[in-house]
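Contents: one structure, followed by commentary.
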Amino acid sequence: MTATILSALMSYWRRNPLQLFTFLAGLALATALWSGVQAINAEARASYDAAAATLGEGRFDQLVAEGGDLIPQETYVALRRAGWRVSPVVEGRLEGVRVVGLDVLTAPGDLAPVQAMDGTDIEAFLLGEGQVFGRAEALELIGDVPAQKVVANDIAPGTVITDIGVAQRLLGRQGQVSRLIVDPVQPLRQQPLAEVAPELTRRVADAGSDVGRLTDSFHLNLTAFGFLSFAVGIFIVNGAIGLVFEQRRGVVRTMRALGVPLNRLIWLMILELLGFALLAGTIGVGLGYVVAAALLPDVAATLRGLYGADVGGTLSLRLIWWLSGLGMAVGGTLLASSAALWKLWRMPLLAAAKPRAWSMSAGVDRRIQRLAALGLLVVAAGLAMFGEGLAAGFALLAALLIGAALALPMLLDVGLRLGEARAAPGLRQWFWADTRQQLPGLSLALMALLLAMAANVGVSTMVSSFRLTFTGFLDQRLASELYVTASDEGQAEALEAFVTPRVRSVLPLMAVDRDLAGVPGAIYAARDDATYRDNWKFLEANLGAWDSVARGEGILVNEQLARRAGLALSEMILVAPNTSLPVVGIYGDYGNPVGQAILGEALFRQLYPEVAALRFGLRLPLDEVQGLRTVLRDEFGLSDEAMTNQAAIKAFSLEVFDRTFTVTTALNVLTLAVAAFAILMSLLTLAALRVPQLAPVWALGVTAKALGRFELIRAVLLAVLTTLCAIPLGLALAWVLLAVVNVEAFGWRLPMYFFPLDYLRLAGFAMIAALLAALWPARRLARTPPSMLLKVFSNER
Amino acid sequence: MLLSAKDVTKAFASADGPLPVLRGVSLDLAAGETLALTGESGSGKSTLLHLVGGLDTPDAGSITVAGIDLAGLDDGERAALRRTTVGVIFQQFNLIPSLAVRDNIAFQARLAGQYDVDAAQGLAERLGLTEQLAKYPEQLSGGQQQRVAIARTLCARPKLVLADEPTGNLDEASADAVLGLMLDLVAESGAGLMVVTHSERLAARMGRRLHLRAGVVA
């Protein structure tokens with residue numbers, strides 16, 4: 001019996017391949033967008049984990065010099081003699097690749113690569129010219145080095161690992177180490193750190209810069225986008241399944257009348273759907289892999305630019321996102337079909353067998369939908385006013401989007417009623433009334449279009465606002481025309497003395513890492529100069545803030561620090577042991593993940609005399625920059641890398657944003673394409689139901705061609721009306737992203753700008769998408785043979 | 001007795017309260033016997049057929065089919081009864097549109113585990129469907145679809161055949177031909193046949209006739 005029932009169920013798909021395609025394609029696209037994003041996230045996280053595993057970040061306590069200075073090797077030796085089980089690490093960059101040197105004999109656990117990998121030879125690692133381990137692309141980037149290169153794929157991307165001696169040689173840091181890893185097992189008696197190396201501080205595990213945590217917000221945003229795309233896809237699946245179940249009502253009744261038990265029928269239908277879900281999920285994960293592989297280089301560049309996080313540019317197949325993708329496909333299918341299955345289970349055997357247009361046309365369903373929409377929008381308003389935290393921000397997004405999607409058919413109905421009331425009696429009035437009749441059948445596709453367009457408007461507004469703000473911010477922050485870096489303190493002093501008479505001003509750049517108001521952060525020094533006074537814009541400040549800073553009587557904090565530590569103007573902050581200063585200004589610091597404060601130069605030098613300025617911003621007329629570069633190269637032997645002009649930094653920063661923009665644009669386009677696909681499939685699947693509705697109009701003298709034209713106009717009209725709803729929804733979405741999610745996730749608020757031309761262009765795209773989606777069904781309708789239309793009347797006899 | 005119904009009552013909910021459709025109807029039908037159930041629209045004919053076929057349950061009274069008391073059956077057992085013991089021929093044919101004629105004819109027999117390819121072929125030949133076996137229901141005329149529905153029911157070899165206006169969608173000549181075939185085939189199988197009809201011509205060709213008026217046997 002089971003085989004007979006399954007065969008009958010399958011025969012439906014064989015006879016309706018278009019619906020099968022809609023269902024599989026909708027689910028596959030939804031899964032592709034979701035698993036693509038998950039693949040990117042999984043790859044990035046795996047990179048962070050690899051970094052943590054190979055570099056010991058976050059796993060072991062570390063000894064570091066205040067201000068991030070290098071530690072003399074003698075200090076390491078002194079610590080070992082004093083009973084400290086520590087292991088030295090040298091770090092630096094070579095051709096953009098992070099070079100990490102470890103002492104394999106003292107490194108705790110499995111940090112050193114020679115213990116972790118097969119086929120490695122500790123003697124080769126330590127003796128002779130040594131070995132450098134890393135991924136192929138990192139090894140290629142560092143170019144020719146006097147050491148044997150060994151490919152190792154479990155090392156973090158953009159990183160190579162070698163023996164400490166080799167690293168010191170490659171980086172030119174003989175006799176110096178960057179930090180010391182503290183073995184978790186220490187002798188019972190050892191000399192206190194303050195006696196052996198008072199200049200070092202112990203950074204406990206997990207307190208350091210955990211890049212995974214830093215980038216969590218970025219990944220959360222990507223996940224939210226993936227989820228939104230998945231929701232759009234699920235609307236298609238829901239529509240396809242709803243239609244399939246409606247059309248199968250008669251068959252289900254017949255099968256039950258012929259003796260098929262309802263329970264078995266329902267289980268077999270679930271089995272059938274799960275089989276398709278697994279098939280579509282597998283295709284979707286495959287497509288997701290392609291999407292992720294295409295986007296990953298841009299995401300990697302964004303993460304590197306924003307957070308300094310190295311992420312591999314190539315994708316590996318990971319079990320977790322296979323499972324996640326298939327799980328979402330199966331879960332989404334069950335979710336989309338649950339209501340239809342429930343109705344089928346409750347349907348009396350003798351219920352009318354004729355399929356209704358769509359289940360959503362039922363009055364009760366419409367009332368429930370209206371109430372759900374209203375409830376969700378009220379929840380959204382409540383969360384906007386009283387919600388706190390990132391979870392509340394995302395709940396607000398979900399309630400707003402789903403509530404608006406559910407409200408869309410009602411809003412469109414109102415619009416169409418208005419149109420109908422104003423239309424001339426006759427064909428035009430019929431057109432409006434007929435469009436309204438189609439609304440239930442098209443509403444799921446239109447909801448998908450609404451969500452896709454709102455996401456498009458919202459995310460584009462956010463990214464464009466971010467870019468605009470950031471461009472202005474760069475102009476403000478990167479005011480100096482040239483930045484130079486000295487190799488040591490001696491050269492720095494000589495350099496400053498040399499350039500001072502040749503430029504308008506010299507701005508030394510000095511910073512020290514320090515907890516501020518209980519939050520990890522950094523203090524920067526600012527010279528009293530017009531550059532700062534003229535260019536920096538405060539979010540809030542006391543009168544004469546720069547004067548207070550210059551006199552050493554006040555401190556400026558960035559928005560991140562102010563929000564995280566709950567600081568307001570005039571509150572006191574401990575900036576050094578025994579020294580507290582009031583906050584005199586709060587400045588915007590877009591894109592910076594950490595708290596920051598600015599102290600007057602004189603006070604900074606007094607509090608942190610060990611910190612020397614090696615980097616300087618130079619103010620001079622633009623046309624003199626090239627000349628000064630040449631002089632500095634000749635006089636001090638400064639390389640091009642040690643002299644960066646403002647334009648290059650700006651270009652790099654903007655490139656990061658353009659990469660981000662590429663990712664969001666690609667996701668936007670994909671989501672819009674999915675929505676257009678939803679419209680196409682809804683129109684095609686509705687086409688069969690349309691014939692009986694249009695046959696009487698045709699019989700009354702309207703040609704099939706004219707009916708086809710009406711179908712096209714209808715699709716565009718509905719797209720226009722949906723766009724009118726999508727733009728305010730998208731702006732609301734942008735507001736939530738900028739004013740709620742961004743503040744909770746990153747700690748700073750962005751001003752919101754409007755881009756009317758972009759929205760107009762998007763509306764144009766939506767209309768083109770709707771027109772293209774309606775073209776084929778309209779053409780089919782226009783070519784419907786009279787025999788098919790006449791059949792409607794003969795069936796009525 | 002193949003079918004025995006005693007004091008069967010049934011009412012449906014309506015805006016004005018319960019609407020009684022059957023008010024204590026009793027009937028018997030022996031194997032090999034044919035019965036026409038006639039009456040005005042709304043007299044309860046189709047409702048009685050649905051109750052006898054296990055498609056619906058009575059509010060009161062008892063129905064026994066082939067010795068099985070329908071009152072004691074749950075949903076699954078009633079489905080089994082419809083699969084193996086009762087065959088229903090619907091006015092609207094209710095064929096499965098996605099299955100070819102051949103598979104539609106075999107469908108119920110396969111469900112009942114009674115499928116015999118030769119018997120199915122023989123039925124198709126008798127009903128003039130040999131040329132149509134590979135076609136789909138939408139490609140058939142109303143008369144052909146009705147013949148497929150009859151073949152589907154008889155292929156499963158039920159003990160009791162129930163037909164709801166089996167010729168209601170056919171012209172007179174086609175109706176006579178289809179009915180003649182149905183009566184011959186049912187007689188050969190030894191099953192009982194109960195037909196709901198408005199047609200005097202059809203009722204006249206049945207062995208017995210029961211007229212319902214406002215839910216009671218007139």
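Naming works like this for the structure tokens: A, B, ... for the chains as they're shown, residue 1 at the start of each chain, ligands 1 onward in shown order.
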
Please build the interface table for chain B against chain A with a cut-off of 8 Å, listing for each qualifying residue the nearest atom pair and the distance in Å to one decimal; count only C-alpha atoms, order rows by chain and increasing number, and write it as JSON lines.
```
{"residue": "B:Leu55", "atom": "CA", "partner": "A:Ala257", "partner_atom": "CA", "distance": 6.6}
{"residue": "B:Asp56", "atom": "CA", "partner": "A:Leu349", "partner_atom": "CA", "distance": 7.8}
{"residue": "B:Asp75", "atom": "CA", "partner": "A:Pro261", "partner_atom": "CA", "distance": 7.3}
{"residue": "B:Gly76", "atom": "CA", "partner": "A:Pro261", "partner_atom": "CA", "distance": 5.4}
{"residue": "B:Arg78", "atom": "CA", "partner": "A:Gly259", "partner_atom": "CA", "distance": 7.6}
{"residue": "B:Ala79", "atom": "CA", "partner": "A:Gly259", "partner_atom": "CA", "distance": 4.1}
{"residue": "B:Ala80", "atom": "CA", "partner": "A:Gly259", "partner_atom": "CA", "distance": 5.6}
{"residue": "B:Leu81", "atom": "CA", "partner": "A:Gly259", "partner_atom": "CA", "distance": 7.0}
{"residue": "B:Arg82", "atom": "CA", "partner": "A:Gly259", "partner_atom": "CA", "distance": 4.6}
{"residue": "B:Arg83", "atom": "CA", "partner": "A:Gly259", "partner_atom": "CA", "distance": 4.1}
{"residue": "B:Thr84", "atom": "CA", "partner": "A:Gly259", "partner_atom": "CA", "distance": 7.8}
{"residue": "B:Gly87", "atom": "CA", "partner": "A:Leu258", "partner_atom": "CA", "distance": 7.3}
{"residue": "B:Val88", "atom": "CA", "partner": "A:Leu258", "partner_atom": "CA", "distance": 7.5}
{"residue": "B:Asn94", "atom": "CA", "partner": "A:Thr254", "partner_atom": "CA", "distance": 6.0}
{"residue": "B:Leu95", "atom": "CA", "partner": "A:Thr254", "partner_atom": "CA", "distance": 7.4}
{"residue": "B:Ile96", "atom": "CA", "partner": "A:Val251", "partner_atom": "CA", "distance": 5.8}
{"residue": "B:Pro97", "atom": "CA", "partner": "A:Val251", "partner_atom": "CA", "distance": 7.8}
{"residue": "B:Ser98", "atom": "CA", "partner": "A:Tyr12", "partner_atom": "CA", "distance": 5.0}
{"residue": "B:Leu99", "atom": "CA", "partner": "A:Ser11", "partner_atom": "CA", "distance": 6.1}
{"residue": "B:Phe107", "atom": "CA", "partner": "A:Thr4", "partner_atom": "CA", "distance": 7.1}
{"residue": "B:Gln108", "atom": "CA", "partner": "A:Leu258", "partner_atom": "CA", "distance": 6.2}
{"residue": "B:Arg110", "atom": "CA", "partner": "A:Thr4", "partner_atom": "CA", "distance": 6.5}
{"residue": "B:Leu111", "atom": "CA", "partner": "A:Met1", "partner_atom": "CA", "distance": 4.7}
{"residue": "B:Ala112", "atom": "CA", "partner": "A:Met1", "partner_atom": "CA", "distance": 7.4}
{"residue": "B:Gly113", "atom": "CA", "partner": "A:Met1", "partner_atom": "CA", "distance": 7.3}
```

Write a file of the selected residues as an mmCIF file, in the first residue's frame, keeping C-alpha atoms.
```
data_model
loop_
_atom_site.group_PDB
_atom_site.id
_atom_site.type_symbol
_atom_site.label_atom_id
_atom_site.label_comp_id
_atom_site.auth_asym_id
_atom_site.auth_seq_id
_atom_site.Cartn_x
_atom_site.Cartn_y
_atom_site.Cartn_z
ATOM 1 C CA LEU B 55 -17.128 7.990 4.659
ATOM 2 C CA ASP B 56 -19.110 9.551 7.496
ATOM 3 C CA ASP B 75 -10.735 6.034 11.305
ATOM 4 C CA GLY B 76 -8.102 3.489 10.305
ATOM 5 C CA ARG B 78 -13.081 2.512 8.319
ATOM 6 C CA ALA B 79 -10.306 3.254 5.786
ATOM 7 C CA ALA B 80 -9.553 -0.481 5.652
ATOM 8 C CA LEU B 81 -13.260 -1.187 5.043
ATOM 9 C CA ARG B 82 -13.270 1.254 2.121
ATOM 10 C CA ARG B 83 -10.122 -0.332 0.748
ATOM 11 C CA THR B 84 -11.225 -3.941 0.858
ATOM 12 C CA GLY B 87 -16.203 0.443 -3.516
ATOM 13 C CA VAL B 88 -17.555 3.936 -4.161
ATOM 14 C CA ASN B 94 -12.666 11.629 -8.608
ATOM 15 C CA LEU B 95 -9.863 10.154 -10.644
ATOM 16 C CA ILE B 96 -6.288 10.981 -9.696
ATOM 17 C CA PRO B 97 -5.287 13.509 -12.369
ATOM 18 C CA SER B 98 -1.577 12.813 -12.179
ATOM 19 C CA LEU B 99 -1.943 9.058 -12.792
ATOM 20 C CA PHE B 107 -5.018 2.153 -7.771
ATOM 21 C CA GLN B 108 -7.651 0.818 -5.359
ATOM 22 C CA ARG B 110 -3.220 -2.175 -5.308
ATOM 23 C CA LEU B 111 -4.211 -0.495 -2.050
ATOM 24 C CA ALA B 112 -6.356 -3.532 -1.205
ATOM 25 C CA GLY B 113 -3.613 -5.939 -2.236
#
```

Based on DSSP run over this structure's backbone, return all residues of range 608-735 of chain A in helix (DSSP H, G or I), as a ChimeraX atom specification.
/A:622-636,640-642,646-699,704-735

Export, as a compact mmCIF listing (two decimals), in the first residue's frame, the selected residues with C-alpha atoms.
```txt
# COMPACT_ATOMS: atom_id res chain seq x y z
CA LEU A 622 50.35 69.15 -0.67
CA ASP A 623 52.69 70.15 -3.48
CA GLU A 624 55.67 69.90 -1.13
CA VAL A 625 54.98 66.33 -0.01
CA GLN A 626 56.90 64.63 -2.81
CA GLY A 627 59.91 66.89 -2.31
CA LEU A 628 60.03 66.19 1.42
CA ARG A 629 59.78 62.45 0.81
CA THR A 630 62.81 62.63 -1.44
CA VAL A 631 64.77 64.63 1.12
CA LEU A 632 63.87 62.24 3.95
CA ARG A 633 64.83 59.25 1.84
CA ASP A 634 68.21 60.83 1.06
CA GLU A 635 68.92 62.21 4.54
CA PHE A 636 67.58 59.42 6.76
CA ASP A 640 58.67 54.10 1.11
CA GLU A 641 57.01 51.90 3.74
CA ALA A 642 58.18 54.32 6.46
CA GLN A 646 47.42 60.75 3.44
CA ALA A 647 45.98 59.78 0.07
CA ALA A 648 47.35 56.24 0.34
CA ILE A 649 45.85 55.68 3.81
CA LYS A 650 42.50 57.09 2.72
CA ALA A 651 42.53 54.96 -0.38
CA PHE A 652 43.25 51.87 1.70
CA SER A 653 40.51 52.67 4.20
CA LEU A 654 37.97 53.36 1.48
CA GLU A 655 38.98 50.18 -0.27
CA VAL A 656 38.02 48.29 2.89
CA PHE A 657 34.59 49.88 2.74
CA ASP A 658 34.20 49.24 -0.93
CA ARG A 659 34.96 45.59 -0.25
CA THR A 660 32.26 45.58 2.45
CA PHE A 661 29.98 47.26 -0.02
CA THR A 662 30.70 44.57 -2.61
CA VAL A 663 29.63 41.87 -0.16
CA THR A 664 26.38 43.60 0.79
CA THR A 665 25.62 44.53 -2.83
CA ALA A 666 26.10 40.92 -3.89
CA LEU A 667 23.82 39.70 -1.11
CA ASN A 668 21.27 42.40 -2.00
CA VAL A 669 21.23 41.43 -5.65
CA LEU A 670 20.87 37.74 -4.76
CA THR A 671 17.98 38.46 -2.39
CA LEU A 672 16.21 40.59 -5.01
CA ALA A 673 16.74 37.86 -7.58
CA VAL A 674 15.18 35.34 -5.21
CA ALA A 675 12.16 37.63 -4.79
CA ALA A 676 11.78 38.05 -8.55
CA PHE A 677 11.93 34.28 -8.83
CA ALA A 678 9.15 34.07 -6.24
CA ILE A 679 6.93 36.34 -8.37
CA LEU A 680 7.67 34.35 -11.51
CA MET A 681 6.85 31.07 -9.83
CA SER A 682 3.67 32.40 -8.23
CA LEU A 683 2.45 33.72 -11.57
CA LEU A 684 3.29 30.49 -13.34
CA THR A 685 1.64 28.29 -10.77
CA LEU A 686 -1.39 30.56 -10.66
CA ALA A 687 -1.67 30.48 -14.44
CA ALA A 688 -3.67 27.24 -14.37
CA LEU A 689 -6.14 28.75 -11.90
CA ARG A 690 -6.39 31.89 -14.03
CA VAL A 691 -7.94 30.24 -17.07
CA PRO A 692 -11.40 29.70 -15.53
CA GLN A 693 -11.32 33.29 -14.21
CA LEU A 694 -10.35 34.83 -17.54
CA ALA A 695 -12.43 32.64 -19.86
CA PRO A 696 -15.68 34.60 -19.22
CA VAL A 697 -13.89 37.91 -19.92
CA TRP A 698 -12.46 36.43 -23.11
CA ALA A 699 -15.93 35.17 -24.07
CA ALA A 704 -6.22 36.75 -25.14
CA LYS A 705 -3.46 39.17 -26.14
CA ALA A 706 -5.13 41.99 -24.23
CA LEU A 707 -5.51 39.69 -21.23
CA GLY A 708 -1.78 38.94 -21.43
CA ARG A 709 -1.05 42.69 -21.46
CA PHE A 710 -3.23 43.14 -18.39
CA GLU A 711 -1.17 40.47 -16.62
CA LEU A 712 2.01 42.44 -17.30
CA ILE A 713 0.49 45.72 -16.14
CA ARG A 714 -0.82 43.98 -13.02
CA ALA A 715 2.63 42.65 -12.08
CA VAL A 716 4.21 46.08 -12.47
CA LEU A 717 1.38 47.77 -10.56
CA LEU A 718 1.78 45.36 -7.65
CA ALA A 719 5.57 45.84 -7.70
CA VAL A 720 5.09 49.63 -7.57
CA LEU A 721 2.68 49.39 -4.66
CA THR A 722 5.03 46.98 -2.86
CA THR A 723 7.93 49.37 -3.46
CA LEU A 724 5.93 52.20 -1.90
CA CYS A 725 5.65 50.06 1.23
CA ALA A 726 9.23 48.74 1.03
CA ILE A 727 11.01 52.11 1.04
CA PRO A 728 9.70 53.34 4.42
CA LEU A 729 10.17 49.83 5.81
CA GLY A 730 13.74 49.78 4.51
CA LEU A 731 14.42 53.18 6.10
CA ALA A 732 13.00 51.89 9.38
CA LEU A 733 15.28 48.87 9.02
CA ALA A 734 18.25 51.19 8.40
CA TRP A 735 17.36 53.19 11.49
```

Residue neighbourhood range 194-207 of chain B, 6 Å, only C-alpha atoms, exclusion window fewer than 3 positions, as a list in words:
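Surrounding residues, per the criterion: Thr34, Leu35, Ala36, Leu37, Thr38, Leu162, Ala163, Asp164 and Glu165 of chain B.
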
Suppose we keep C-alpha atoms; can you now write the selection as an mmCIF file, in the first residue's frame?
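For reference, selection.cif as written:
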```cif
data_model
loop_
_atom_site.group_PDB
_atom_site.id
_atom_site.type_symbol
_atom_site.label_atom_id
_atom_site.label_comp_id
_atom_site.auth_asym_id
_atom_site.auth_seq_id
_atom_site.Cartn_x
_atom_site.Cartn_y
_atom_site.Cartn_z
ATOM 1 C CA THR B 34 -29.175 -4.177 -6.797
ATOM 2 C CA LEU B 35 -30.929 -1.247 -5.172
ATOM 3 C CA ALA B 36 -31.807 2.215 -6.450
ATOM 4 C CA LEU B 37 -31.987 4.961 -3.855
ATOM 5 C CA THR B 38 -34.153 7.765 -5.187
ATOM 6 C CA LEU B 162 -21.939 2.175 -3.999
ATOM 7 C CA ALA B 163 -22.541 4.592 -6.836
ATOM 8 C CA ASP B 164 -23.541 8.241 -6.467
ATOM 9 C CA GLU B 165 -25.345 9.441 -9.625
#
```

If we count only C-alpha atoms, what is near Pro756 in chain A at a cut-off of 12 Å, once residues fewer than 2 positions away on the same chain are taken out, given as a short mmCIF file (atom, residue, chain, number, x, y, z; two decimals) with C-alpha atoms, in the first residue's frame?
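Final output, saved to around21.cif:
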```cif
data_model
loop_
_atom_site.label_atom_id
_atom_site.label_comp_id
_atom_site.auth_asym_id
_atom_site.auth_seq_id
_atom_site.Cartn_x
_atom_site.Cartn_y
_atom_site.Cartn_z
CA VAL A 457 17.11 49.82 1.12
CA SER A 460 22.40 50.05 1.43
CA THR A 461 21.40 53.04 3.55
CA SER A 464 26.28 54.23 2.39
CA ILE A 727 11.01 52.11 1.04
CA PRO A 728 9.70 53.34 4.42
CA LEU A 731 14.42 53.18 6.10
CA TYR A 753 21.75 59.77 5.51
CA PHE A 754 19.19 59.36 2.76
CA ASP A 758 19.47 54.89 -4.97
CA TYR A 759 15.90 54.17 -3.86
CA LEU A 760 14.53 55.28 -7.22
CA ARG A 761 17.00 53.03 -8.98
CA LEU A 762 15.96 50.16 -6.73
CA ALA A 763 12.29 50.82 -7.50
#
```

Could you name the residues that touch Leu171 in chain A at 9 Å or less, counting only C-alpha atoms, but leaving out those on the same chain fewer than 3 positions away, as an mmCIF file with N, CA and C atoms, in the first residue's frame?
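Listed below is the output, out38.cif:
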```cif
data_model
loop_
_atom_site.group_PDB
_atom_site.id
_atom_site.type_symbol
_atom_site.label_atom_id
_atom_site.label_comp_id
_atom_site.auth_asym_id
_atom_site.auth_seq_id
_atom_site.Cartn_x
_atom_site.Cartn_y
_atom_site.Cartn_z
ATOM 1 N N VAL A 90 58.695 36.142 19.219
ATOM 2 C CA VAL A 90 59.008 37.355 18.445
ATOM 3 C C VAL A 90 57.963 37.456 17.353
ATOM 4 N N GLU A 91 57.394 38.639 17.196
ATOM 5 C CA GLU A 91 56.368 38.826 16.173
ATOM 6 C C GLU A 91 56.671 40.043 15.336
ATOM 7 N N GLY A 92 56.302 39.999 14.095
ATOM 8 C CA GLY A 92 56.436 41.170 13.242
ATOM 9 C C GLY A 92 55.863 40.857 11.884
ATOM 10 N N ARG A 93 55.888 41.841 11.009
ATOM 11 C CA ARG A 93 55.323 41.620 9.675
ATOM 12 C C ARG A 93 56.405 41.730 8.615
ATOM 13 N N LEU A 94 56.298 40.814 7.672
ATOM 14 C CA LEU A 94 57.238 40.808 6.560
ATOM 15 C C LEU A 94 56.389 40.676 5.294
ATOM 16 N N VAL A 99 54.927 37.221 10.936
ATOM 17 C CA VAL A 99 55.982 36.244 11.205
ATOM 18 C C VAL A 99 56.044 36.039 12.717
ATOM 19 N N VAL A 166 65.409 32.394 13.839
ATOM 20 C CA VAL A 166 65.152 32.698 12.425
ATOM 21 C C VAL A 166 64.272 33.949 12.329
ATOM 22 N N ALA A 167 63.252 34.020 13.199
ATOM 23 C CA ALA A 167 62.339 35.179 13.165
ATOM 24 C C ALA A 167 63.083 36.464 13.484
ATOM 25 N N GLN A 168 63.961 36.407 14.491
ATOM 26 C CA GLN A 168 64.724 37.613 14.851
ATOM 27 C C GLN A 168 65.580 38.069 13.674
ATOM 28 N N GLN A 174 67.331 41.184 16.455
ATOM 29 C CA GLN A 174 68.265 40.384 17.236
ATOM 30 C C GLN A 174 68.287 40.884 18.683
#
```

Which of range 477-643 of chain A counts as strand (DSSP E or B) under DSSP, as an NGL selection string please?
:A and (482-485 or 505-509 or 511-516 or 519-526 or 538-541 or 555-558 or 572-576 or 579-587 or 595-600 or 615-619 or 643)

Quick one: of A:Leu79, A:Val379, A:Val285, A:Ile40, who's nearest to Pro297 in chain A, counting only C-alpha atoms?
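That would be A:Ile40, the residue with the smallest distance to Pro297 in chain A.
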
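Proximity of A:Ser639, A:Gln19, A:Thr31, A:Gln131 to Gly331 in chain A, computed with only C-alpha atoms, is greatest for A:Thr31.
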
Please identify all polymer residues within 10 Å of Val736 in chain A, counting only C-alpha atoms, omitting same-chain residues fewer than 5 positions from it, and present them as a PyMOL selection string.
chain A and resi 384+393-394+396-397+400+458+462+730-731+741-743

List the spatial neighbours of Val217 in chain B as a PyMOL selection string - criterion: any atom at most 9 Å away, only C-alpha atoms, same-chain residues fewer than 5 positions off excluded.
chain B and resi 23-27+210-212

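CA of Ala497 in chain A is found 21.1 Å from CA of Ala479 in chain A.
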